[in-house]
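Taking it in order: structure first as structure tokens, then the write-up.
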Amino acid sequence: MIRVQREDFDAQAEARALVAGNHRVGGVVTFVGLVRANAGETAIDAMTLEHYPGMTERELAKIEAEARTRWPLEAALIVHRYGRLTPGDQIVLVITAAAHRQAAFAANEFLVDWLKTKAPFWKLEASTQGEQWVEARAADDHAAKRWVAE
Amino acid sequence: MKVLYFAWLKARAGIGEETVTPPPEVATVGALLAWLKARSPGHARALADLAVVRVAVNQEYATLDAPVGANDEVALFPPVTGG
């Protein structure tokens, strides 16, 4: 399941609801991404996430489907926020549930790595020095490429 | 054809969305970008370095040789930075 929303989320409530009644699940991995208070040396006042409505949902759904072909997941949920956020705010939630922990851990990391390089979101950071669009990081591309089959 | 601009491409182009009617010989993403570049100084600034421009046609990632037509939605944006 995927959701793109302005509102905050409750990770624990989402995880509980996701696996409610499914007793094949033996492990649930929850990842929450937060807004950091700094970008390198610069202190951040706020971060605004822009996205491409429609394509965002399609890309996230494709990424989830890809994870399901690679690992035996019982359930998966991606929630990504957009709009104006401040340091400490939650940005993204990825929950994976499987019979055994290995699949849940691996699929979770895969989903985070892939959504960072494929889902059409852009971060605009605001600091005392003005506003600046965040540049894509080579380290994120590298992390995503780990999952491409040789 | 609908063209959408996101993030700093929108700021540089000075427009978030426009409907354009390129001539029929503009049949690929690459040709469209070259044609859009000539529309205004803002467009030229936005599309100056195509190495940092990503393209989606009808909400699917597309390469420069992908075909485009009158009924397509073409989106132009920088490399993504979500998560």
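In the structure tokens, chains take the letters A, B, ... in the order shown, each chain's residues start at 1, and ligands count up from 1 in the order shown.
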Exercise. Could you pull the residues within 7 Å of range 71-82 of chain A, counting only C-alpha atoms, minus those fewer than 4 positions along the same chain, as number ranges by chain?
Worked result: A: 1-7, 18-19, 25, 49-51, 67, 91-98, 103-104, 107
Exercise. Which parts of chain A does DSSP call strand (DSSP E or B) when run on the backbone here, written out as JSON, numbers by chain?
Worked result: {"A": [2, 3, 4, 5, 27, 28, 29, 30, 31, 32, 33, 34, 38, 39, 42, 43, 46, 47, 48, 49, 50, 51, 73, 74, 75, 76, 77, 78, 79, 80, 81, 83, 84, 85, 90, 91, 92, 93, 94, 95, 96, 97, 98, 121, 122, 123, 124, 125, 126, 127, 130, 131, 132, 133]}
For this session: Compare B:Ala44, B:Ala13, B:Leu50, B:Val80 by their minimum atom-to-atom distance to Thr63 in chain B, counting only C-alpha atoms, and give me the closest one.
Result: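 Once distances to Thr63 in chain B are computed over only C-alpha atoms, the minimum belongs to B:Leu50.
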Problem set entry | Which of range 16-147 of chain A fall in helix (DSSP H, G or I), as an MDAnalysis selection string | chainID A and resid 16:19 55:70 101:118 138:145
Exercise. Hey, which of B:Phe77, B:Glu18, B:Gly69, B:Ala48 ends up closest to Phe6 in chain B? Count only C-alpha atoms.
Worked result: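 For Phe6 in chain B, the nearest of the candidates is B:Phe77.
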Exercise. If we count only C-alpha atoms, which residues of chain A reach to within 8 Å of chain B? Please list them as a list in words.
Worked result: Gly33, Leu49, Glu50, His51, Tyr52, Gly54, Met55, Arg58, His80, Ile91, Val92, Val112, Leu115, Lys116, Thr117, Lys118, Ala119, Pro120, Phe121, Trp122, Lys123, Leu124, Trp133, Val134, Glu135, Ala136 and Arg137 of chain A
For this session: Name the closest residue to Leu60 in chain A among the candidates A:Asp113, A:Trp147, A:Asp8, A:Gly88; distances are taken between atoms, counting only C-alpha atoms.
Result: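 Closest to Leu60 in chain A of all the choices is A:Asp113.
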Exercise. So how many Å separate CA of Gln129 in chain A and CA of Gly83 in chain A, to one decimal?
Worked result: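 Distance between the two atoms: 20.3 Å.
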For this session: Calculate how many Å separate CA of Ala37 in chain A from CA of Ala143 in chain A, rounding to one decimal.
Result: 23.0 Å
Problem set entry | Spatial neighbours of Pro23 in chain B, 10 Å, only C-alpha atoms, chain gap at least 6 places, as a PyMOL selection string | chain B and resi 32+35+70
Problem set entry | Length of the CA of Asn38 in chain A to CA of Thr128 in chain A vector [Å] |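 Interatomic distance here is 11.8 Å.
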